[in-house]
>>> print(open('run-v4.cif').read())   # mmCIF, N, CA and C atoms
data_target
loop_
_atom_site.label_atom_id
_atom_site.label_comp_id
_atom_site.auth_asym_id
_atom_site.auth_seq_id
_atom_site.Cartn_x
_atom_site.Cartn_y
_atom_site.Cartn_z
N MET D 1 12.98 10.94 3.56
CA MET D 1 12.97 9.52 3.80
C MET D 1 11.63 8.92 3.39
N THR D 2 10.54 9.64 3.63
CA THR D 2 9.22 9.15 3.25
C THR D 2 9.12 8.97 1.75
N LEU D 3 9.65 9.93 1.00
CA LEU D 3 9.62 9.84 -0.44
C LEU D 3 10.43 8.65 -0.93
N ALA D 4 11.56 8.40 -0.29
CA ALA D 4 12.38 7.25 -0.67
C ALA D 4 11.62 5.96 -0.43
N MET D 5 10.87 5.90 0.66
CA MET D 5 10.09 4.71 0.96
C MET D 5 9.00 4.52 -0.07
N ALA D 6 8.37 5.61 -0.46
CA ALA D 6 7.31 5.51 -1.45
C ALA D 6 7.86 4.95 -2.75
N LEU D 7 9.06 5.31 -3.07
CA LEU D 7 9.67 4.80 -4.28
C LEU D 7 9.96 3.31 -4.18
N THR D 8 10.25 2.82 -2.99
CA THR D 8 10.53 1.39 -2.84
C THR D 8 9.27 0.56 -3.03
N MET D 9 8.10 1.16 -2.80
CA MET D 9 6.85 0.44 -3.01
C MET D 9 6.47 0.44 -4.49
N ASN D 10 7.18 1.20 -5.30
CA ASN D 10 6.89 1.32 -6.73
C ASN D 10 7.91 0.55 -7.55
N VAL D 11 8.01 -0.73 -7.34
CA VAL D 11 9.03 -1.54 -7.98
C VAL D 11 8.75 -1.75 -9.46
N ALA D 12 7.85 -2.60 -9.81
CA ALA D 12 7.58 -2.92 -11.21
C ALA D 12 6.36 -2.14 -11.66
N PHE D 13 6.59 -1.16 -12.54
CA PHE D 13 5.48 -0.31 -12.92
C PHE D 13 5.56 0.04 -14.39
N ALA D 14 4.50 -0.21 -15.10
CA ALA D 14 4.47 0.06 -16.54
C ALA D 14 4.18 1.53 -16.79
N GLU D 15 4.90 2.13 -17.75
CA GLU D 15 4.64 3.50 -18.11
C GLU D 15 3.50 3.55 -19.11
N GLY D 16 2.83 4.68 -19.18
CA GLY D 16 1.74 4.86 -20.12
C GLY D 16 0.75 5.85 -19.57
N ASP D 17 -0.37 5.97 -20.24
CA ASP D 17 -1.38 6.91 -19.77
C ASP D 17 -2.07 6.37 -18.53
N GLU D 18 -2.86 7.23 -17.88
CA GLU D 18 -3.48 6.88 -16.60
C GLU D 18 -4.38 5.64 -16.72
N ASN D 19 -5.12 5.49 -17.80
CA ASN D 19 -6.00 4.32 -17.95
C ASN D 19 -5.20 3.04 -18.03
N GLU D 20 -4.07 3.07 -18.72
CA GLU D 20 -3.24 1.88 -18.81
C GLU D 20 -2.69 1.52 -17.44
N LYS D 21 -2.34 2.52 -16.64
CA LYS D 21 -1.81 2.26 -15.30
C LYS D 21 -2.84 1.53 -14.45
N VAL D 22 -4.06 2.04 -14.44
CA VAL D 22 -5.10 1.45 -13.60
C VAL D 22 -5.49 0.07 -14.09
N ASN D 23 -5.48 -0.16 -15.38
CA ASN D 23 -5.88 -1.45 -15.92
C ASN D 23 -4.77 -2.49 -15.91
N SER D 24 -3.56 -2.08 -15.69
CA SER D 24 -2.43 -3.00 -15.67
C SER D 24 -2.35 -3.70 -14.32
N THR D 25 -2.18 -5.02 -14.36
CA THR D 25 -2.03 -5.74 -13.09
C THR D 25 -0.74 -5.31 -12.38
N GLU D 26 0.22 -4.80 -13.14
CA GLU D 26 1.46 -4.32 -12.53
C GLU D 26 1.21 -3.15 -11.60
N ALA D 27 0.19 -2.35 -11.87
CA ALA D 27 -0.13 -1.21 -11.01
C ALA D 27 -0.55 -1.67 -9.62
N PHE D 28 -0.98 -2.91 -9.51
CA PHE D 28 -1.46 -3.43 -8.24
C PHE D 28 -0.38 -4.21 -7.47
N GLU D 29 0.82 -4.27 -8.01
CA GLU D 29 1.94 -4.94 -7.35
C GLU D 29 2.49 -4.01 -6.27
N MET D 30 2.30 -4.36 -5.02
CA MET D 30 2.66 -3.49 -3.90
C MET D 30 3.79 -4.05 -3.05
N SER D 31 4.69 -4.79 -3.67
CA SER D 31 5.82 -5.33 -2.92
C SER D 31 6.57 -4.21 -2.20
N THR D 32 7.01 -4.52 -1.00
CA THR D 32 7.66 -3.53 -0.16
C THR D 32 8.96 -4.09 0.40
N HIS D 33 9.95 -3.25 0.49
CA HIS D 33 11.19 -3.61 1.18
C HIS D 33 10.96 -3.29 2.66
N MET D 34 10.77 -4.33 3.45
CA MET D 34 10.39 -4.15 4.86
C MET D 34 11.43 -3.36 5.65
N GLY D 35 12.69 -3.53 5.34
CA GLY D 35 13.72 -2.78 6.07
C GLY D 35 13.55 -1.29 5.88
N GLN D 36 13.26 -0.88 4.65
CA GLN D 36 13.07 0.55 4.38
C GLN D 36 11.76 1.06 4.99
N LEU D 37 10.72 0.24 4.94
CA LEU D 37 9.45 0.63 5.57
C LEU D 37 9.65 0.76 7.08
N ALA D 38 10.35 -0.18 7.67
CA ALA D 38 10.61 -0.13 9.11
C ALA D 38 11.39 1.12 9.48
N ASN D 39 12.37 1.48 8.66
CA ASN D 39 13.14 2.70 8.93
C ASN D 39 12.28 3.95 8.77
N ALA D 40 11.49 3.99 7.71
CA ALA D 40 10.64 5.16 7.45
C ALA D 40 9.62 5.36 8.57
N LEU D 41 9.11 4.27 9.10
CA LEU D 41 8.10 4.35 10.16
C LEU D 41 8.71 4.30 11.55
N GLN D 42 10.01 4.05 11.62
CA GLN D 42 10.71 3.90 12.90
C GLN D 42 10.00 2.87 13.78
N LEU D 43 9.83 1.68 13.19
CA LEU D 43 9.13 0.60 13.89
C LEU D 43 9.97 0.07 15.03
N THR D 44 9.28 -0.32 16.08
CA THR D 44 9.94 -1.03 17.17
C THR D 44 10.09 -2.49 16.75
N VAL D 45 10.88 -3.21 17.49
CA VAL D 45 11.06 -4.64 17.21
C VAL D 45 9.72 -5.36 17.30
N ASP D 46 8.91 -4.99 18.29
CA ASP D 46 7.60 -5.62 18.47
C ASP D 46 6.65 -5.32 17.31
N GLN D 47 6.74 -4.13 16.74
CA GLN D 47 5.85 -3.76 15.64
C GLN D 47 6.26 -4.41 14.32
N TYR D 48 7.54 -4.65 14.14
CA TYR D 48 8.07 -5.09 12.86
C TYR D 48 7.36 -6.32 12.31
N GLU D 49 7.27 -7.37 13.10
CA GLU D 49 6.68 -8.63 12.63
C GLU D 49 5.21 -8.46 12.27
N THR D 50 4.48 -7.73 13.09
CA THR D 50 3.06 -7.52 12.83
C THR D 50 2.85 -6.70 11.56
N VAL D 51 3.62 -5.63 11.40
CA VAL D 51 3.51 -4.80 10.21
C VAL D 51 3.88 -5.61 8.97
N GLU D 52 4.86 -6.48 9.09
CA GLU D 52 5.25 -7.33 7.97
C GLU D 52 4.10 -8.24 7.56
N MET D 53 3.41 -8.83 8.53
CA MET D 53 2.27 -9.69 8.22
C MET D 53 1.14 -8.90 7.57
N ILE D 54 0.87 -7.71 8.09
CA ILE D 54 -0.17 -6.85 7.51
C ILE D 54 0.20 -6.48 6.09
N GLN D 55 1.45 -6.12 5.88
CA GLN D 55 1.91 -5.73 4.55
C GLN D 55 1.83 -6.89 3.57
N ASN D 56 2.20 -8.08 4.01
CA ASN D 56 2.10 -9.26 3.14
C ASN D 56 0.65 -9.52 2.72
N GLN D 57 -0.27 -9.36 3.66
CA GLN D 57 -1.69 -9.55 3.34
C GLN D 57 -2.16 -8.48 2.36
N PHE D 58 -1.71 -7.25 2.55
CA PHE D 58 -2.08 -6.16 1.65
C PHE D 58 -1.58 -6.44 0.23
N VAL D 59 -0.35 -6.91 0.12
CA VAL D 59 0.21 -7.26 -1.19
C VAL D 59 -0.66 -8.31 -1.88
N GLU D 60 -1.06 -9.34 -1.14
CA GLU D 60 -1.90 -10.40 -1.71
C GLU D 60 -3.27 -9.86 -2.10
N ASP D 61 -3.87 -9.05 -1.25
CA ASP D 61 -5.18 -8.48 -1.55
C ASP D 61 -5.14 -7.60 -2.79
N MET D 62 -4.07 -6.82 -2.94
CA MET D 62 -3.95 -5.94 -4.10
C MET D 62 -3.70 -6.76 -5.38
N LYS D 63 -2.97 -7.87 -5.27
CA LYS D 63 -2.79 -8.75 -6.43
C LYS D 63 -4.13 -9.30 -6.89
N LYS D 64 -4.97 -9.71 -5.94
CA LYS D 64 -6.30 -10.21 -6.27
C LYS D 64 -7.12 -9.12 -6.95
N ALA D 65 -7.03 -7.91 -6.45
CA ALA D 65 -7.76 -6.79 -7.06
C ALA D 65 -7.27 -6.55 -8.48
N GLY D 66 -5.98 -6.64 -8.68
CA GLY D 66 -5.41 -6.42 -10.01
C GLY D 66 -5.82 -7.47 -11.02
N LYS D 67 -6.10 -8.67 -10.56
CA LYS D 67 -6.50 -9.76 -11.45
C LYS D 67 -8.01 -9.86 -11.62
N ALA D 68 -8.74 -9.07 -10.84
CA ALA D 68 -10.21 -9.13 -10.88
C ALA D 68 -10.76 -8.48 -12.15
N SER D 69 -12.01 -8.76 -12.41
CA SER D 69 -12.69 -8.13 -13.55
C SER D 69 -12.81 -6.63 -13.30
N ASP D 70 -13.02 -5.90 -14.37
CA ASP D 70 -13.16 -4.45 -14.25
C ASP D 70 -14.26 -4.06 -13.27
N ASP D 71 -15.33 -4.83 -13.25
CA ASP D 71 -16.46 -4.53 -12.36
C ASP D 71 -16.10 -4.68 -10.88
N GLU D 72 -15.22 -5.60 -10.57
CA GLU D 72 -14.86 -5.88 -9.18
C GLU D 72 -13.61 -5.15 -8.72
N ARG D 73 -12.79 -4.71 -9.64
CA ARG D 73 -11.46 -4.18 -9.32
C ARG D 73 -11.50 -3.02 -8.32
N ALA D 74 -12.32 -2.01 -8.56
CA ALA D 74 -12.35 -0.84 -7.68
C ALA D 74 -12.81 -1.22 -6.28
N SER D 75 -13.82 -2.09 -6.21
CA SER D 75 -14.34 -2.52 -4.92
C SER D 75 -13.29 -3.30 -4.12
N LEU D 76 -12.61 -4.22 -4.79
CA LEU D 76 -11.58 -5.02 -4.11
C LEU D 76 -10.39 -4.16 -3.70
N THR D 77 -10.07 -3.16 -4.51
CA THR D 77 -8.97 -2.26 -4.17
C THR D 77 -9.32 -1.45 -2.93
N ARG D 78 -10.52 -0.88 -2.91
CA ARG D 78 -10.95 -0.11 -1.73
C ARG D 78 -10.96 -0.99 -0.48
N LYS D 79 -11.42 -2.22 -0.64
CA LYS D 79 -11.48 -3.16 0.49
C LYS D 79 -10.07 -3.48 1.00
N ALA D 80 -9.15 -3.72 0.09
CA ALA D 80 -7.76 -4.02 0.49
C ALA D 80 -7.14 -2.85 1.23
N ILE D 81 -7.36 -1.66 0.71
CA ILE D 81 -6.80 -0.45 1.34
C ILE D 81 -7.44 -0.22 2.70
N SER D 82 -8.75 -0.39 2.77
CA SER D 82 -9.46 -0.19 4.03
C SER D 82 -8.97 -1.15 5.11
N HIS D 83 -8.83 -2.42 4.75
CA HIS D 83 -8.33 -3.41 5.73
C HIS D 83 -6.91 -3.06 6.16
N ASP D 84 -6.07 -2.73 5.19
CA ASP D 84 -4.69 -2.38 5.50
C ASP D 84 -4.62 -1.20 6.46
N LEU D 85 -5.37 -0.16 6.17
CA LEU D 85 -5.34 1.03 7.03
C LEU D 85 -5.90 0.74 8.42
N ASN D 86 -6.94 -0.07 8.48
CA ASN D 86 -7.51 -0.43 9.78
C ASN D 86 -6.49 -1.17 10.64
N TYR D 87 -5.83 -2.15 10.04
CA TYR D 87 -4.83 -2.92 10.79
C TYR D 87 -3.64 -2.04 11.18
N MET D 88 -3.17 -1.24 10.24
CA MET D 88 -2.02 -0.37 10.53
C MET D 88 -2.35 0.64 11.61
N HIS D 89 -3.57 1.15 11.59
CA HIS D 89 -3.99 2.14 12.60
C HIS D 89 -3.94 1.54 14.00
N ASN D 90 -4.23 0.25 14.10
CA ASN D 90 -4.21 -0.42 15.40
C ASN D 90 -2.80 -0.72 15.89
N ILE D 91 -1.83 -0.78 14.99
CA ILE D 91 -0.47 -1.16 15.36
C ILE D 91 0.45 0.05 15.51
N LEU D 92 0.28 1.04 14.65
CA LEU D 92 1.20 2.17 14.59
C LEU D 92 0.80 3.29 15.53
N THR D 93 1.79 4.09 15.93
CA THR D 93 1.50 5.31 16.68
C THR D 93 0.88 6.33 15.73
N THR D 94 0.40 7.42 16.26
CA THR D 94 -0.21 8.46 15.43
C THR D 94 0.78 8.99 14.39
N ASN D 95 2.00 9.27 14.80
CA ASN D 95 3.00 9.79 13.86
C ASN D 95 3.39 8.74 12.82
N GLN D 96 3.54 7.50 13.24
CA GLN D 96 3.86 6.43 12.30
C GLN D 96 2.73 6.25 11.29
N TYR D 97 1.51 6.29 11.77
CA TYR D 97 0.36 6.11 10.89
C TYR D 97 0.27 7.25 9.88
N ARG D 98 0.51 8.46 10.33
CA ARG D 98 0.51 9.61 9.43
C ARG D 98 1.56 9.43 8.33
N THR D 99 2.74 8.97 8.70
CA THR D 99 3.80 8.72 7.72
C THR D 99 3.38 7.61 6.77
N TYR D 100 2.78 6.56 7.30
CA TYR D 100 2.32 5.46 6.45
C TYR D 100 1.28 5.94 5.45
N LEU D 101 0.35 6.78 5.88
CA LEU D 101 -0.65 7.33 4.98
C LEU D 101 -0.01 8.08 3.82
N THR D 102 1.02 8.85 4.13
CA THR D 102 1.73 9.60 3.10
C THR D 102 2.38 8.65 2.11
N ILE D 103 3.04 7.65 2.62
CA ILE D 103 3.70 6.66 1.75
C ILE D 103 2.68 5.96 0.86
N LEU D 104 1.59 5.52 1.45
CA LEU D 104 0.57 4.81 0.69
C LEU D 104 -0.08 5.72 -0.36
N ASN D 105 -0.39 6.95 0.02
CA ASN D 105 -0.98 7.89 -0.93
C ASN D 105 -0.08 8.13 -2.14
N VAL D 106 1.19 8.37 -1.88
CA VAL D 106 2.14 8.61 -2.98
C VAL D 106 2.25 7.37 -3.86
N THR D 107 2.30 6.22 -3.25
CA THR D 107 2.41 4.97 -4.01
C THR D 107 1.19 4.78 -4.91
N LEU D 108 0.01 4.96 -4.36
CA LEU D 108 -1.20 4.77 -5.14
C LEU D 108 -1.29 5.79 -6.28
N GLN D 109 -0.93 7.03 -6.00
CA GLN D 109 -0.96 8.06 -7.04
C GLN D 109 0.05 7.76 -8.14
N ASN D 110 1.24 7.31 -7.76
CA ASN D 110 2.26 6.99 -8.76
C ASN D 110 1.83 5.85 -9.67
N ARG D 111 0.96 5.01 -9.17
CA ARG D 111 0.50 3.86 -9.94
C ARG D 111 -0.79 4.14 -10.69
N GLY D 112 -1.30 5.35 -10.54
CA GLY D 112 -2.55 5.70 -11.23
C GLY D 112 -3.78 5.17 -10.53
N LEU D 113 -3.63 4.75 -9.30
CA LEU D 113 -4.75 4.23 -8.51
C LEU D 113 -5.25 5.37 -7.62
N GLN D 114 -6.07 6.21 -8.16
CA GLN D 114 -6.54 7.40 -7.45
C GLN D 114 -7.64 7.02 -6.47
N MET D 115 -7.24 6.65 -5.27
CA MET D 115 -8.19 6.27 -4.24
C MET D 115 -8.16 7.33 -3.14
N GLU D 116 -9.32 7.66 -2.62
CA GLU D 116 -9.39 8.60 -1.52
C GLU D 116 -9.16 7.82 -0.23
N ILE D 117 -8.01 8.09 0.39
CA ILE D 117 -7.76 7.49 1.69
C ILE D 117 -7.58 8.60 2.68
N PHE D 118 -7.76 8.31 3.89
CA PHE D 118 -7.83 9.30 4.95
C PHE D 118 -6.51 9.94 5.21
#
>>> encode(input="run-v4.cif", output="structure tokens")
Amino acid sequence: MTLAMALTMNVAFAEGDENEKVNSTEAFEMSTHMGQLANALQLTVDQYETVEMIQNQFVEDMKKAGKASDDERASLTRKAISHDLNYMHNILTTNQYRTYLTILNVTLQNRGLQMEIF
């Protein structure tokens, strides 16, 4: 189920070598199907709305990173991921957070965004 969720976060993605992936603004498109994310994380009703808001902010932050200059892109990407993980850590249980980390790691790797996340 986690792998299926990771695939849902990989909607529009250009094929090519690793450098093209990282330099493509499409690599930074992190749209998510909230129903599938909610199922993968087994969100409660109370968690759903908050996670949706956090995810929407993450999508916007990653879009900004994708449109940024090469000099700013890595910094903005790390900042977006850091904020996302901080917020998710406060909302999710330990098991949910662990699952989310797996989903995010696979998504970033599939997009050629090799970031070290916890």
>>> closest_residue(input="run-v4.cif", among="D:Thr44, D:Gln96, D:Thr77, D:Asn90", to="Met62 (chain D)", atoms="only C-alpha atoms")
D:Thr77
>>> select_by_dssp(input="run-v4.cif", residues="region 24-86 of chain D", states="alpha helix (DSSP H)", output="PyMOL selection string")
chain D and resi 34-41+45-67+70-86
>>> closest_residue(input="run-v4.cif", among="D:Gln57, D:Val51, D:Leu76, D:Gly66", to="Met88 (chain D)", atoms="all atoms listed in the file")
D:Val51
>>> axis_aligned_box(input="run-v4.cif", around="region 69-88 of chain D", padding_each_side="8 Å", output="AutoDock Vina command-line options")
--center_x -9.2 --center_y -3.9 --center_z -1.4 --size_x 30.4 --size_y 25.8 --size_z 42.0
>>> atom_distance(input="run-v4.cif", atom1="atom C of Gln109 (chain D)", atom2="atom N of Gln47 (chain D)")
28.4 Å
>>> atom_distance(input="run-v4.cif", atom1="CA of Leu104 (chain D)", atom2="CA of Glu52 (chain D)")
14.9 Å
>>> atom_distance(input="run-v4.cif", atom1="CA of Thr32 (chain D)", atom2="atom N of Ser69 (chain D)")
23.8 Å
>>> closest_residue(input="run-v4.cif", among="D:Glu49, D:Gln36, D:Phe28, D:Leu43", to="Tyr97 (chain D)", atoms="only C-alpha atoms")
D:Leu43
